[in-house]
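Pasted below: start06.cif, mmCIF, C-alpha atoms.
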data_target
loop_
_atom_site.label_atom_id
_atom_site.label_comp_id
_atom_site.auth_asym_id
_atom_site.auth_seq_id
_atom_site.Cartn_x
_atom_site.Cartn_y
_atom_site.Cartn_z
CA MET A 1 25.04 -72.99 41.38
CA THR A 2 27.48 -74.74 43.73
CA ASN A 3 29.59 -72.47 45.92
CA LYS A 4 33.06 -73.89 46.35
CA VAL A 5 34.73 -72.50 49.46
CA LEU A 6 38.40 -72.94 50.32
CA ILE A 7 39.23 -72.53 54.01
CA VAL A 8 42.92 -72.06 54.82
CA GLY A 9 43.60 -73.14 58.40
CA ALA A 10 41.99 -76.00 60.34
CA GLY A 11 41.78 -74.21 63.66
CA PRO A 12 38.54 -73.92 65.69
CA SER A 13 37.04 -71.05 63.66
CA GLY A 14 37.92 -72.58 60.29
CA ILE A 15 36.36 -75.95 61.12
CA LEU A 16 33.29 -74.35 62.72
CA LEU A 17 32.81 -72.24 59.58
CA ALA A 18 32.86 -75.41 57.47
CA LEU A 19 30.11 -76.86 59.69
CA TYR A 20 28.00 -73.73 59.25
CA LEU A 21 28.45 -73.57 55.47
CA LEU A 22 27.72 -77.24 54.87
CA ARG A 23 24.32 -76.85 56.52
CA ARG A 24 23.41 -74.84 53.46
CA PRO A 25 22.53 -76.53 50.17
CA ASP A 26 24.87 -76.14 47.19
CA TYR A 27 28.07 -75.65 49.18
CA GLN A 28 31.28 -77.62 48.86
CA VAL A 29 34.14 -77.00 51.29
CA GLU A 30 37.83 -77.79 51.10
CA ILE A 31 40.05 -77.18 54.14
CA TYR A 32 43.83 -76.83 53.80
CA GLU A 33 46.02 -77.07 56.90
CA LEU A 34 49.81 -76.89 57.23
CA ARG A 35 49.98 -79.14 60.30
CA SER A 36 49.32 -82.87 60.30
CA ASP A 37 46.01 -84.32 61.45
CA PRO A 38 46.01 -83.98 65.28
CA ARG A 39 43.96 -87.16 65.57
CA VAL A 40 46.78 -89.29 64.13
CA ASN A 41 49.71 -87.31 65.52
CA PRO A 42 49.99 -88.09 69.25
CA GLN A 43 52.72 -85.54 69.95
CA VAL A 44 51.73 -82.69 72.23
CA GLY A 45 52.80 -79.50 70.53
CA ALA A 46 52.67 -75.79 71.12
CA SER A 47 49.06 -75.73 69.89
CA ASN A 48 47.89 -77.81 72.89
CA TYR A 49 47.06 -75.26 75.55
CA PRO A 50 43.90 -74.73 77.63
CA LEU A 51 41.11 -72.55 76.29
CA ILE A 52 38.09 -71.24 78.17
CA LEU A 53 34.96 -71.19 76.03
CA CYS A 54 32.61 -68.56 77.40
CA GLN A 55 29.01 -67.77 76.53
CA ARG A 56 29.65 -66.23 73.11
CA GLY A 57 31.93 -69.07 72.00
CA LEU A 58 29.47 -71.69 73.26
CA ALA A 59 26.59 -69.83 71.59
CA ALA A 60 28.37 -70.16 68.24
CA CYS A 61 28.86 -73.90 68.76
CA ARG A 62 25.27 -74.32 69.96
CA GLN A 63 23.96 -73.55 66.47
CA ILE A 64 25.34 -76.89 65.25
CA LYS A 65 23.13 -79.71 66.50
CA GLY A 66 24.85 -81.83 69.13
CA LEU A 67 28.17 -79.97 68.98
CA GLU A 68 27.95 -78.13 72.29
CA SER A 69 27.28 -81.35 74.22
CA GLU A 70 30.26 -83.04 72.52
CA ILE A 71 32.51 -80.14 73.52
CA GLU A 72 31.24 -80.25 77.10
CA LEU A 73 31.93 -83.99 77.27
CA ALA A 74 35.46 -83.49 75.93
CA GLY A 75 36.19 -80.56 78.26
CA ILE A 76 35.41 -79.56 81.82
CA GLY A 77 32.63 -77.28 83.04
CA ILE A 78 34.12 -74.24 84.79
CA GLU A 79 32.11 -72.43 87.44
CA GLY A 80 34.63 -69.79 88.44
CA ALA A 81 38.22 -68.80 89.06
CA ILE A 82 40.43 -68.91 92.14
CA CYS A 83 43.40 -66.57 92.14
CA PHE A 84 46.41 -66.60 94.42
CA ASN A 85 49.09 -64.09 95.31
CA ASN A 86 52.35 -65.94 95.98
CA SER A 87 50.47 -69.12 97.05
CA ARG A 88 47.98 -67.31 99.31
CA ARG A 89 44.35 -67.21 98.21
CA ARG A 90 43.50 -63.72 97.03
CA TYR A 91 39.96 -63.81 95.67
CA ARG A 92 37.37 -66.18 94.29
CA SER A 93 35.18 -65.44 91.28
CA ASP A 94 31.95 -67.41 90.71
CA ARG A 95 30.21 -67.01 87.41
CA GLN A 96 28.02 -68.75 84.85
CA LYS A 97 29.24 -72.11 83.67
CA LEU A 98 32.06 -71.99 81.12
CA VAL A 99 34.00 -74.83 79.50
CA SER A 100 37.74 -75.46 79.78
CA ILE A 101 39.16 -77.53 76.93
CA ASN A 102 42.63 -77.96 75.44
CA ARG A 103 42.90 -76.42 71.98
CA LYS A 104 43.98 -79.72 70.44
CA THR A 105 41.02 -81.51 72.01
CA LEU A 106 38.65 -78.82 70.72
CA VAL A 107 40.05 -79.13 67.19
CA MET A 108 39.73 -82.92 67.26
CA THR A 109 36.15 -82.68 68.55
CA LEU A 110 35.20 -80.28 65.76
CA LEU A 111 36.93 -82.40 63.11
CA ASN A 112 35.19 -85.56 64.28
CA HIS A 113 31.80 -83.85 64.21
CA LEU A 114 32.52 -82.48 60.74
CA GLU A 115 33.57 -85.79 59.18
CA LYS A 116 30.80 -87.69 60.97
CA ASN A 117 28.15 -85.56 59.27
CA TYR A 118 29.56 -84.85 55.80
CA GLY A 119 31.07 -87.09 53.15
CA SER A 120 33.77 -86.58 50.54
CA ASP A 121 31.21 -85.44 47.96
CA ARG A 122 30.92 -82.11 49.81
CA LEU A 123 33.93 -82.00 52.14
CA LYS A 124 37.65 -82.50 51.60
CA ILE A 125 40.32 -81.87 54.27
CA HIS A 126 43.96 -81.61 53.18
CA PHE A 127 46.45 -81.78 56.03
CA GLU A 128 50.16 -81.01 55.53
CA HIS A 129 49.42 -78.52 52.76
CA ARG A 130 51.12 -75.13 52.76
CA TYR A 131 49.26 -72.16 51.31
CA LEU A 132 51.51 -70.40 48.80
CA GLN A 133 49.54 -67.71 47.03
CA THR A 134 46.31 -66.89 45.28
CA ASP A 135 45.29 -65.28 42.03
CA LEU A 136 42.50 -63.07 43.31
CA GLU A 137 41.27 -62.22 39.82
CA GLN A 138 41.18 -65.80 38.53
CA LYS A 139 40.04 -67.12 41.93
CA GLN A 140 42.68 -69.82 42.13
CA ALA A 141 44.78 -70.65 45.19
CA GLU A 142 48.08 -72.51 45.08
CA PHE A 143 49.18 -75.02 47.73
CA GLU A 144 52.17 -77.26 48.28
CA GLN A 145 52.06 -80.62 50.00
CA VAL A 146 54.61 -80.91 52.80
CA SER A 147 55.68 -83.61 55.19
CA SER A 148 55.64 -83.17 58.96
CA SER A 149 58.85 -85.19 59.20
CA THR A 150 60.92 -83.33 56.62
CA ASN A 151 61.65 -79.83 55.47
CA ASN A 152 61.69 -80.82 51.81
CA PHE A 153 58.91 -79.28 49.73
CA PRO A 154 59.12 -80.90 46.28
CA LYS A 155 57.86 -78.81 43.40
CA GLN A 156 55.79 -81.62 41.88
CA THR A 157 53.44 -81.65 44.86
CA ARG A 158 52.08 -78.19 44.13
CA ILE A 159 48.38 -78.03 43.36
CA THR A 160 46.05 -75.29 42.17
CA ALA A 161 42.54 -75.14 43.60
CA PRO A 162 39.78 -73.00 42.07
CA TYR A 163 37.21 -71.41 44.37
CA ASN A 164 34.23 -69.12 44.58
CA LEU A 165 35.22 -67.94 48.03
CA LEU A 166 38.56 -68.04 49.85
CA ILE A 167 38.52 -67.88 53.67
CA GLY A 168 41.71 -67.15 55.58
CA SER A 169 41.54 -68.57 59.11
CA ASP A 170 45.29 -69.16 59.14
CA GLY A 171 46.20 -67.28 62.28
CA VAL A 172 48.09 -64.20 63.32
CA HIS A 173 50.75 -64.55 60.60
CA SER A 174 48.12 -65.16 57.91
CA ARG A 175 49.41 -65.37 54.36
CA VAL A 176 45.87 -65.13 53.01
CA ARG A 177 45.56 -61.75 54.75
CA LYS A 178 48.79 -60.60 53.13
CA ASP A 179 47.47 -61.45 49.65
CA CYS A 180 44.07 -59.89 50.28
CA LEU A 181 45.33 -56.63 51.78
CA GLU A 182 48.46 -56.12 49.68
CA GLY A 183 48.11 -52.97 47.61
CA SER A 184 44.87 -51.94 49.31
CA GLU A 185 44.32 -48.82 51.40
CA THR A 186 43.23 -50.81 54.45
CA ASN A 187 44.85 -49.72 57.70
CA PHE A 188 46.72 -52.72 59.08
CA GLU A 189 48.92 -53.30 62.10
CA LYS A 190 50.59 -56.43 63.46
CA LYS A 191 52.73 -56.03 66.53
CA PRO A 192 53.87 -57.98 69.60
CA THR A 193 52.34 -57.16 72.96
CA HIS A 194 54.40 -56.49 76.08
CA LEU A 195 53.71 -60.11 77.11
CA LYS A 196 55.49 -63.36 76.28
CA TYR A 197 54.50 -66.85 77.33
CA LYS A 198 55.63 -70.42 77.96
CA THR A 199 53.51 -73.54 78.28
CA LEU A 200 53.82 -76.34 80.83
CA PHE A 201 52.09 -79.75 80.80
CA LEU A 202 51.51 -81.88 83.89
CA ASN A 203 50.75 -85.48 83.01
CA SER A 204 50.95 -87.13 86.45
CA LEU A 205 49.53 -85.17 89.36
CA SER A 206 50.87 -85.31 92.90
CA ALA A 207 48.58 -85.38 95.93
CA ASP A 208 49.29 -81.67 96.57
CA THR A 209 48.33 -80.64 93.05
CA THR A 210 45.23 -82.85 93.02
CA THR A 211 44.07 -81.30 96.32
CA THR A 212 44.76 -77.74 95.22
CA LEU A 213 43.36 -77.93 91.69
CA GLU A 214 39.80 -79.15 91.93
CA LEU A 215 37.86 -79.85 88.76
CA GLY A 216 35.63 -77.06 87.57
CA ARG A 217 37.88 -74.11 88.41
CA VAL A 218 40.46 -72.03 86.62
CA TYR A 219 43.44 -71.18 88.83
CA GLY A 220 45.74 -68.22 88.63
CA TRP A 221 48.94 -67.31 90.49
CA ARG A 222 51.08 -64.20 90.39
CA SER A 223 54.65 -64.42 91.67
CA PRO A 224 56.39 -61.50 93.44
CA ASP A 225 58.45 -60.77 90.32
CA GLY A 226 55.41 -60.53 88.05
CA VAL A 227 55.07 -63.99 86.48
CA THR A 228 51.43 -65.02 86.00
CA LEU A 229 50.49 -68.70 85.81
CA LEU A 230 47.08 -69.95 84.66
CA ALA A 231 46.09 -73.61 85.07
CA SER A 232 43.05 -75.86 84.79
CA ARG A 233 42.62 -79.61 85.23
CA GLN A 234 41.18 -81.72 82.41
CA ARG A 235 39.13 -84.92 82.58
CA ASP A 236 42.19 -87.09 81.95
CA ARG A 237 43.84 -85.68 85.11
CA THR A 238 46.34 -83.68 83.09
CA VAL A 239 46.85 -79.98 83.69
CA GLY A 240 47.66 -77.43 81.03
CA CYS A 241 49.52 -74.37 82.31
CA THR A 242 50.44 -71.12 80.62
CA LEU A 243 52.94 -68.69 82.13
CA PHE A 244 52.92 -65.03 81.12
CA VAL A 245 55.61 -62.45 81.75
CA SER A 246 56.47 -58.98 80.52
CA ASP A 247 58.92 -59.01 77.61
CA ARG A 248 61.23 -56.88 79.79
CA GLN A 249 61.25 -59.48 82.56
CA LYS A 250 63.99 -62.09 82.12
CA THR A 251 62.87 -64.58 84.81
CA LEU A 252 61.60 -67.30 82.47
CA ASP A 253 64.53 -66.92 80.08
CA GLN A 254 67.27 -67.67 82.60
CA PHE A 255 66.86 -71.41 83.15
CA HIS A 256 69.68 -73.68 82.04
CA THR A 257 68.94 -76.86 83.99
CA LYS A 258 65.90 -78.76 85.20
CA GLU A 259 67.04 -78.12 88.79
CA GLU A 260 66.73 -74.37 88.24
CA VAL A 261 63.22 -74.87 86.84
CA LEU A 262 62.08 -76.99 89.77
CA ASN A 263 63.55 -74.52 92.28
CA PHE A 264 61.70 -71.63 90.60
CA PHE A 265 58.37 -73.46 90.79
CA ASN A 266 58.97 -74.63 94.35
CA VAL A 267 59.52 -71.03 95.45
CA ASN A 268 56.68 -69.47 93.45
CA PHE A 269 54.11 -72.14 92.56
CA GLU A 270 54.57 -74.92 95.09
CA ALA A 271 51.41 -76.92 94.33
CA ILE A 272 52.32 -77.09 90.65
CA ALA A 273 55.98 -77.85 91.29
CA SER A 274 55.29 -81.18 92.95
CA SER A 275 53.79 -82.53 89.69
CA ILE A 276 56.50 -81.40 87.25
CA SER A 277 58.38 -84.42 85.94
CA PRO A 278 62.16 -84.22 85.42
CA GLN A 279 61.60 -84.50 81.66
CA GLU A 280 59.08 -81.66 81.57
CA ALA A 281 61.40 -79.53 83.72
CA GLU A 282 64.21 -80.21 81.23
CA ASP A 283 61.92 -79.38 78.29
CA PHE A 284 60.77 -76.19 80.01
CA SER A 285 64.37 -75.04 80.53
CA GLN A 286 65.01 -75.44 76.79
CA ARG A 287 61.72 -73.97 75.61
CA GLY A 288 61.96 -70.34 74.59
CA LEU A 289 59.51 -67.61 75.43
CA ALA A 290 57.01 -67.04 72.64
CA PRO A 291 55.78 -63.57 71.76
CA ILE A 292 52.07 -62.73 71.77
CA TRP A 293 51.04 -60.85 68.65
CA THR A 294 48.05 -58.62 68.00
CA VAL A 295 46.48 -57.84 64.65
CA SER A 296 44.28 -54.90 63.77
CA CYS A 297 42.88 -53.95 60.36
CA ASP A 298 39.93 -51.94 59.09
CA SER A 299 38.62 -54.39 56.49
CA TYR A 300 38.37 -58.16 56.40
CA HIS A 301 37.40 -58.89 52.80
CA TYR A 302 38.46 -58.61 49.18
CA ARG A 303 35.57 -57.79 46.86
CA ASP A 304 33.13 -60.72 46.85
CA SER A 305 35.65 -63.55 46.86
CA ALA A 306 37.95 -63.52 49.92
CA LEU A 307 37.61 -63.06 53.66
CA ILE A 308 39.74 -63.34 56.79
CA ILE A 309 38.40 -64.40 60.21
CA GLY A 310 39.69 -65.13 63.70
CA ASP A 311 43.31 -64.31 64.54
CA ALA A 312 44.03 -63.57 60.89
CA ALA A 313 41.70 -60.57 61.22
CA HIS A 314 41.91 -59.52 64.88
CA ALA A 315 44.41 -61.37 67.06
CA ILE A 316 44.40 -60.08 70.63
CA SER A 317 46.18 -60.52 73.96
CA PRO A 318 44.98 -63.60 75.93
CA SER A 319 44.54 -61.53 79.10
CA ILE A 320 40.70 -61.74 79.07
CA GLY A 321 40.40 -65.11 77.33
CA GLN A 322 38.52 -63.89 74.25
CA GLY A 323 40.77 -64.86 71.33
CA CYS A 324 39.07 -68.16 70.49
CA ASN A 325 35.66 -66.94 71.61
CA SER A 326 35.72 -63.91 69.33
CA ALA A 327 36.90 -66.11 66.44
CA LEU A 328 33.99 -68.52 66.94
CA GLU A 329 31.62 -65.56 67.20
CA ASP A 330 32.92 -64.38 63.79
CA VAL A 331 31.37 -67.49 62.26
CA MET A 332 27.98 -66.87 63.86
CA VAL A 333 27.97 -63.24 62.69
CA LEU A 334 28.89 -64.28 59.14
CA ASP A 335 26.13 -66.91 59.12
CA SER A 336 23.52 -64.37 60.21
CA LEU A 337 24.52 -62.10 57.31
CA LEU A 338 24.23 -64.99 54.86
CA ASP A 339 20.68 -65.51 56.12
CA ARG A 340 19.88 -61.83 55.79
CA TYR A 341 21.26 -61.40 52.28
CA GLY A 342 20.41 -64.79 50.83
CA ASP A 343 23.99 -66.05 50.35
CA ASP A 344 24.84 -63.04 48.18
CA TRP A 345 28.55 -62.75 49.01
CA ALA A 346 28.85 -59.43 47.18
CA LYS A 347 26.60 -57.96 49.88
CA VAL A 348 27.63 -60.18 52.77
CA LEU A 349 31.39 -59.54 52.78
CA PRO A 350 31.30 -55.70 52.95
CA LYS A 351 28.58 -55.90 55.60
CA TYR A 352 30.66 -58.36 57.58
CA SER A 353 33.67 -56.02 57.60
CA GLN A 354 31.45 -53.09 58.48
CA SER A 355 29.76 -54.85 61.39
CA ARG A 356 32.71 -56.80 62.78
CA VAL A 357 35.55 -54.27 62.73
CA ALA A 358 34.09 -52.13 65.53
CA ASP A 359 33.74 -55.12 67.85
CA ALA A 360 37.20 -56.39 66.96
CA HIS A 361 38.80 -53.06 67.80
CA ALA A 362 36.81 -52.91 71.03
CA VAL A 363 37.84 -56.35 72.25
CA ARG A 364 41.46 -55.53 71.49
CA GLU A 365 41.21 -52.45 73.72
CA LEU A 366 39.59 -54.52 76.45
CA ALA A 367 42.27 -57.19 76.19
CA ASP A 368 45.09 -54.65 76.26
CA HIS A 369 43.80 -52.35 78.99
CA ALA A 370 41.14 -54.01 81.16
CA LEU A 371 43.71 -55.40 83.61
CA PRO A 372 46.25 -53.07 85.25
CA LEU A 373 49.90 -54.05 85.61
CA THR A 374 50.71 -52.16 88.79
CA LYS A 375 50.05 -53.67 92.22
CA TRP A 376 47.95 -50.83 93.58
CA MET A 377 45.84 -50.44 90.45
CA PHE A 378 45.20 -54.19 90.51
CA ILE A 379 44.01 -53.92 94.14
CA LEU A 380 41.71 -51.07 93.05
CA PHE A 381 40.44 -53.28 90.20
CA ILE A 382 39.54 -56.09 92.64
CA ILE A 383 37.82 -53.65 95.04
CA ARG A 384 35.77 -52.10 92.22
CA LEU A 385 34.86 -55.51 90.82
CA THR A 386 33.76 -56.80 94.23
CA ILE A 387 31.63 -53.71 94.94
CA ASN A 388 30.00 -53.77 91.50
CA ARG A 389 29.22 -57.48 91.75
CA THR A 390 27.66 -56.98 95.17
CA LEU A 391 25.52 -54.06 93.98
CA HIS A 392 24.34 -56.05 90.97
CA ARG A 393 23.44 -59.05 93.12
CA LEU A 394 21.47 -56.89 95.60
CA PHE A 395 19.90 -54.47 93.11
CA PRO A 396 19.97 -56.09 89.64
CA GLN A 397 17.44 -53.60 88.26
CA LEU A 398 19.61 -50.63 89.18
CA PHE A 399 23.15 -51.95 88.66
CA SER A 400 24.24 -53.99 85.66
CA LEU A 401 26.92 -56.63 85.68
CA PRO A 402 30.43 -55.14 85.84
CA PHE A 403 32.01 -54.95 82.41
CA PHE A 404 34.59 -57.61 83.30
CA ASP A 405 31.75 -60.11 83.88
CA LEU A 406 29.83 -59.03 80.78
CA ILE A 407 32.74 -60.21 78.62
CA PRO A 408 32.62 -63.96 79.45
CA ASN A 409 29.07 -64.34 80.75
CA THR A 410 27.02 -62.66 78.01
CA THR A 411 26.92 -62.14 74.26
CA VAL A 412 26.69 -58.34 74.60
CA ALA A 413 28.65 -56.75 71.75
CA TYR A 414 32.27 -55.99 72.60
CA SER A 415 31.80 -52.41 71.38
CA GLU A 416 28.95 -51.90 73.84
CA ILE A 417 31.00 -53.36 76.72
CA HIS A 418 33.91 -51.12 75.78
CA ARG A 419 31.70 -48.02 75.89
CA SER A 420 30.57 -48.92 79.41
CA ALA A 421 34.19 -49.32 80.53
CA GLN A 422 35.83 -46.49 78.62
CA HIS A 423 36.79 -44.40 81.68
CA TRP A 424 38.44 -47.37 83.40
CA ILE A 425 40.19 -48.36 80.16
CA ALA A 426 41.58 -44.84 79.75
CA LEU A 427 42.89 -44.84 83.33
CA VAL A 428 44.53 -48.27 83.00
CA LYS A 429 46.06 -47.36 79.65
CA LYS A 430 47.73 -44.33 81.20
CA THR A 431 49.06 -46.13 84.30
CA ASN A 432 50.21 -49.18 82.30
CA GLU A 433 52.16 -46.99 79.91
CA ARG A 434 53.91 -45.28 82.82
CA TYR A 435 54.71 -48.65 84.38
CA LEU A 436 56.13 -50.13 81.17
CA ASN A 437 58.25 -47.05 80.58
CA ARG A 438 59.80 -47.50 84.05
CA VAL A 439 60.52 -51.24 83.73
#

Mind turning the file's structure into structure tokens?
Amino acid sequence: MTNKVLIVGAGPSGILLALYLLRRPDYQVEIYELRSDPRVNPQVGASNYPLILCQRGLAACRQIKGLESEIELAGIGIEGAICFNNSRRRYRSDRQKLVSINRKTLVMTLLNHLEKNYGSDRLKIHFEHRYLQTDLEQKQAEFEQVSSSTNNFPKQTRITAPYNLLIGSDGVHSRVRKDCLEGSETNFEKKPTHLKYKTLFLNSLSADTTTTLELGRVYGWRSPDGVTLLASRQRDRTVGCTLFVSDRQKTLDQFHTKEEVLNFFNVNFEAIASSISPQEAEDFSQRGLAPIWTVSCDSYHYRDSALIIGDAAHAISPSIGQGCNSALEDVMVLDSLLDRYGDDWAKVLPKYSQSRVADAHAVRELADHALPLTKWMFILFIIRLTINRTLHRLFPQLFSLPFFDLIPNTTVAYSEIHRSAQHWIALVKKTNERYLNRV
């Protein structure tokens, strides 16, 4: 019997899942994506921001022959982070090798690998198709073809696609999740975090920026008024930057001209400022702050025929860089269950929810409360981290890696890491709540 799987959403986890499933005999996969094909659309959009693939994300990609090396060639190997406090070096973190890659580049790499290895007899990818709804009993999903250059959605372009299994990897505002959970008793919560963000793209680097931002490092700055900037150079000499700020802080919302933008960066992030073009400064002044949403639910499946993964199931704050990594790990966990239960989806899907929910809740807690917001708690965090790293390096048999290093540098379960850090998490949660109530 051929298993026909519909995947809604051509993000990293959705495409990686297609690669995993097509390794198995008797599977056909169709992917439906609202956006246009990023390989033929040269515009840099909001989805093009830097990601850091850590050990668990790379481990998931490593299961597909040749994929990890393709990702490493497309991205940049990262050997640590350098953080600044108002332009002055604060601390340096060396760790196992990670990979920095823009999200759009990662998606294109995955798509190319997918289409290189599978033909139209088993794989179909439909870009510019909006998911509308599904009949969960009849196992039929309805889509509508759209155009990236128009807002017209003609009725005659609607199609109905039958399936054996429907996978929702359609992000934090997942419509597949809505259909699967509607009317169920599953506990579900979607809410914005206290953070908002803006992106910035540097396409032509000045001598100052080139000197400051060496390849192979992630850089972080924190301005006196609480704006955090993360940046990493790519192979093409571009730099993707993301700026985070509390939703109660109005700094990034008060720009009206490119001159105001350039002045802000010159005061707070001087090395970056020298590479901001007038056009990007103008675009930045017009670009609104975007909210960061989190998603939490207690079940990820509907009977034996529908499943949600990635941000659709457990979107988290980007503070510890685990959103994409946990989504890619979802695919590896699902694949291991398919091996264990012989592709019996009636057994696999409940087991997947049962095994994955605990880790998803744990990584959300880590993302929300691992890093303190107050200055003095952050200093305490750095002191503790430095001491714990030193003790582990000198006495590895007696002292384990600090929990903050276990997250990116190992594949230890998030729930286990959370248990080891629960006292720190409780303390940060309390102090962060007090801080946010005062702001």

**OP:** Determine the residue set returned by the PyMOL selection byres ((chain A and resi 284) around 9) for the present structure, and present it as a VMD selection string.
**Re:** chain A and resid 198 to 200 255 258 261 279 to 283 285 to 288

Determine, using only C-alpha atoms, which residues of segment 248-351 of chain A have any atom at most 10 Å from an atom of segment 121-141 of chain A, and tabulate each with its shortest atom pair and distance in Å to one decimal place, rows ordered by chain and then rising number, as a Markdown table.
| residue | atom | partner | partner_atom | distance |
| --- | --- | --- | --- | --- |
| A:Tyr302 | CA | A:Leu136 | CA | 8.4 |
| A:Arg303 | CA | A:Leu136 | CA | 9.4 |
| A:Ser305 | CA | A:Lys139 | CA | 7.5 |
| A:Ala306 | CA | A:Leu136 | CA | 8.0 |

Atoms to include: C-alpha atoms. Write the selected residues as an mmCIF file, keeping the file's coordinate frame.
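Result saved to again.cif:
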data_model
loop_
_atom_site.group_PDB
_atom_site.id
_atom_site.type_symbol
_atom_site.label_atom_id
_atom_site.label_comp_id
_atom_site.auth_asym_id
_atom_site.auth_seq_id
_atom_site.Cartn_x
_atom_site.Cartn_y
_atom_site.Cartn_z
ATOM 1 C CA TYR A 302 38.460 -58.610 49.180
ATOM 2 C CA ARG A 303 35.570 -57.790 46.860
ATOM 3 C CA SER A 305 35.650 -63.550 46.860
ATOM 4 C CA ALA A 306 37.950 -63.520 49.920
#

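For the file at hand, the PyMOL selection byres ((chain A and resi 6) around 6) resolves to Val5, Ile7, Val29, Glu30, Ile31 and Leu166 of chain A.
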
Subject >> Residues in the PyMOL selection byres ((chain A and resi 334) around 12), expressed as a ChimeraX atom specification >> reply: /A:13,16-18,20-21,60,167,300-301,307-310,327-333,335-345,347-356

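The shortest atom-to-atom distance to Val428 of chain A, with all atoms listed in the file taken into account, belongs to A:His369 out of A:His194, A:Arg233, A:His369, A:Arg384.
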
**OP:** Tell me, as a list of chain:residue names, which residues lie within 8 Å of Arg237 of chain A, counting all atoms listed in the file; anything in the same chain fewer than 5 positions away does not count.
**Re:** A:Asn203, A:Ser204, A:Leu205

**OP:** Please measure the separation of atom CA of Ala273 of chain A and atom CA of Gly77 of chain A, giving the value in Å to one decimal.
**Re:** 24.8 Å

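Across the structure, atom CA of Ala346 of chain A and atom CA of Cys180 of chain A are spaced 15.5 Å apart.
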
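Distances from A:Val99, A:Ala59, A:Leu181, A:Ile387 to Glu72 of chain A were compared using only C-alpha atoms, and the smallest one belongs to A:Val99.
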
Subject >> Computed interatomic separation between atom CA of Tyr49 of chain A and atom CA of Asn102 of chain A (Å) >> reply: 5.2 Å

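Using only C-alpha atoms, the shortest contact distance between Thr160 of chain A and any of A:Asn263, A:Phe143, A:Ala362, A:Phe381 is found at A:Phe143.
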
Subject >> Shell around segment 408-414 of chain A at 7 Å using all atoms listed in the file, local window under 4 positions removed, as a PyMOL selection string >> reply: chain A and resi 54-56+96+359+362-363+418

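Among A:Leu73, A:Leu98, A:Leu114, A:Cys297, the residue with the shortest atom-to-atom distance to Leu19 of chain A, counting all atoms listed in the file, is A:Leu114.
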
Could you give me, as a PDB file with C-alpha atoms, keeping the file's coordinate frame, the residues that sit within 6 Å of (26.9, -80.5, 57.6) in the file's coordinates, counting only C-alpha atoms?
ATOM      1  CA  LEU A  19      30.110 -76.860  59.690  1.00  0.00           C
ATOM      2  CA  LEU A  22      27.720 -77.240  54.870  1.00  0.00           C
ATOM      3  CA  ARG A  23      24.320 -76.850  56.520  1.00  0.00           C
ATOM      4  CA  ASN A 117      28.150 -85.560  59.270  1.00  0.00           C
ATOM      5  CA  TYR A 118      29.560 -84.850  55.800  1.00  0.00           C
TER       6      TYR A 118
END

**OP:** For Phe265 of chain A, list every protein, DNA or RNA residue within 10 Å, evaluated using only C-alpha atoms, and leave out those in the same chain fewer than 4 positions away; present the list as an NGL selection string.
**Re:** :A and (223 or 260-261 or 269-274 or 276 or 281)

Would you mind exporting the chosen residues as a PDB file, in the coordinates of the input, restricted to C-alpha atoms?
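Result saved to selection.pdb:
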ATOM      1  CA  SER A 223      54.650 -64.420  91.670  1.00  0.00           C
ATOM      2  CA  GLU A 260      66.730 -74.370  88.240  1.00  0.00           C
ATOM      3  CA  VAL A 261      63.220 -74.870  86.840  1.00  0.00           C
ATOM      4  CA  PHE A 269      54.110 -72.140  92.560  1.00  0.00           C
ATOM      5  CA  GLU A 270      54.570 -74.920  95.090  1.00  0.00           C
ATOM      6  CA  ALA A 271      51.410 -76.920  94.330  1.00  0.00           C
ATOM      7  CA  ILE A 272      52.320 -77.090  90.650  1.00  0.00           C
ATOM      8  CA  ALA A 273      55.980 -77.850  91.290  1.00  0.00           C
ATOM      9  CA  SER A 274      55.290 -81.180  92.950  1.00  0.00           C
ATOM     10  CA  ILE A 276      56.500 -81.400  87.250  1.00  0.00           C
ATOM     11  CA  ALA A 281      61.400 -79.530  83.720  1.00  0.00           C
TER      12      ALA A 281
END

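Each of A:Lys429, A:Lys4, A:His314, A:Arg393 was compared to Asp368 of chain A using only C-alpha atoms, and A:Lys429 turns out to be the nearest.
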
Original post:
Using all atoms listed in the file, which of A:Val245, A:Leu252, A:Ile76, A:Ile82 sits nearest Thr212 of chain A?
Top reply: A:Ile82

Original post:
What would the list of residues within 12 Å of (22.9, -62.3, 93.5) (file frame) look like as number ranges by chain, if all atoms listed in the file are what count?
Top reply: A: 94-96, 388-397, 399-401
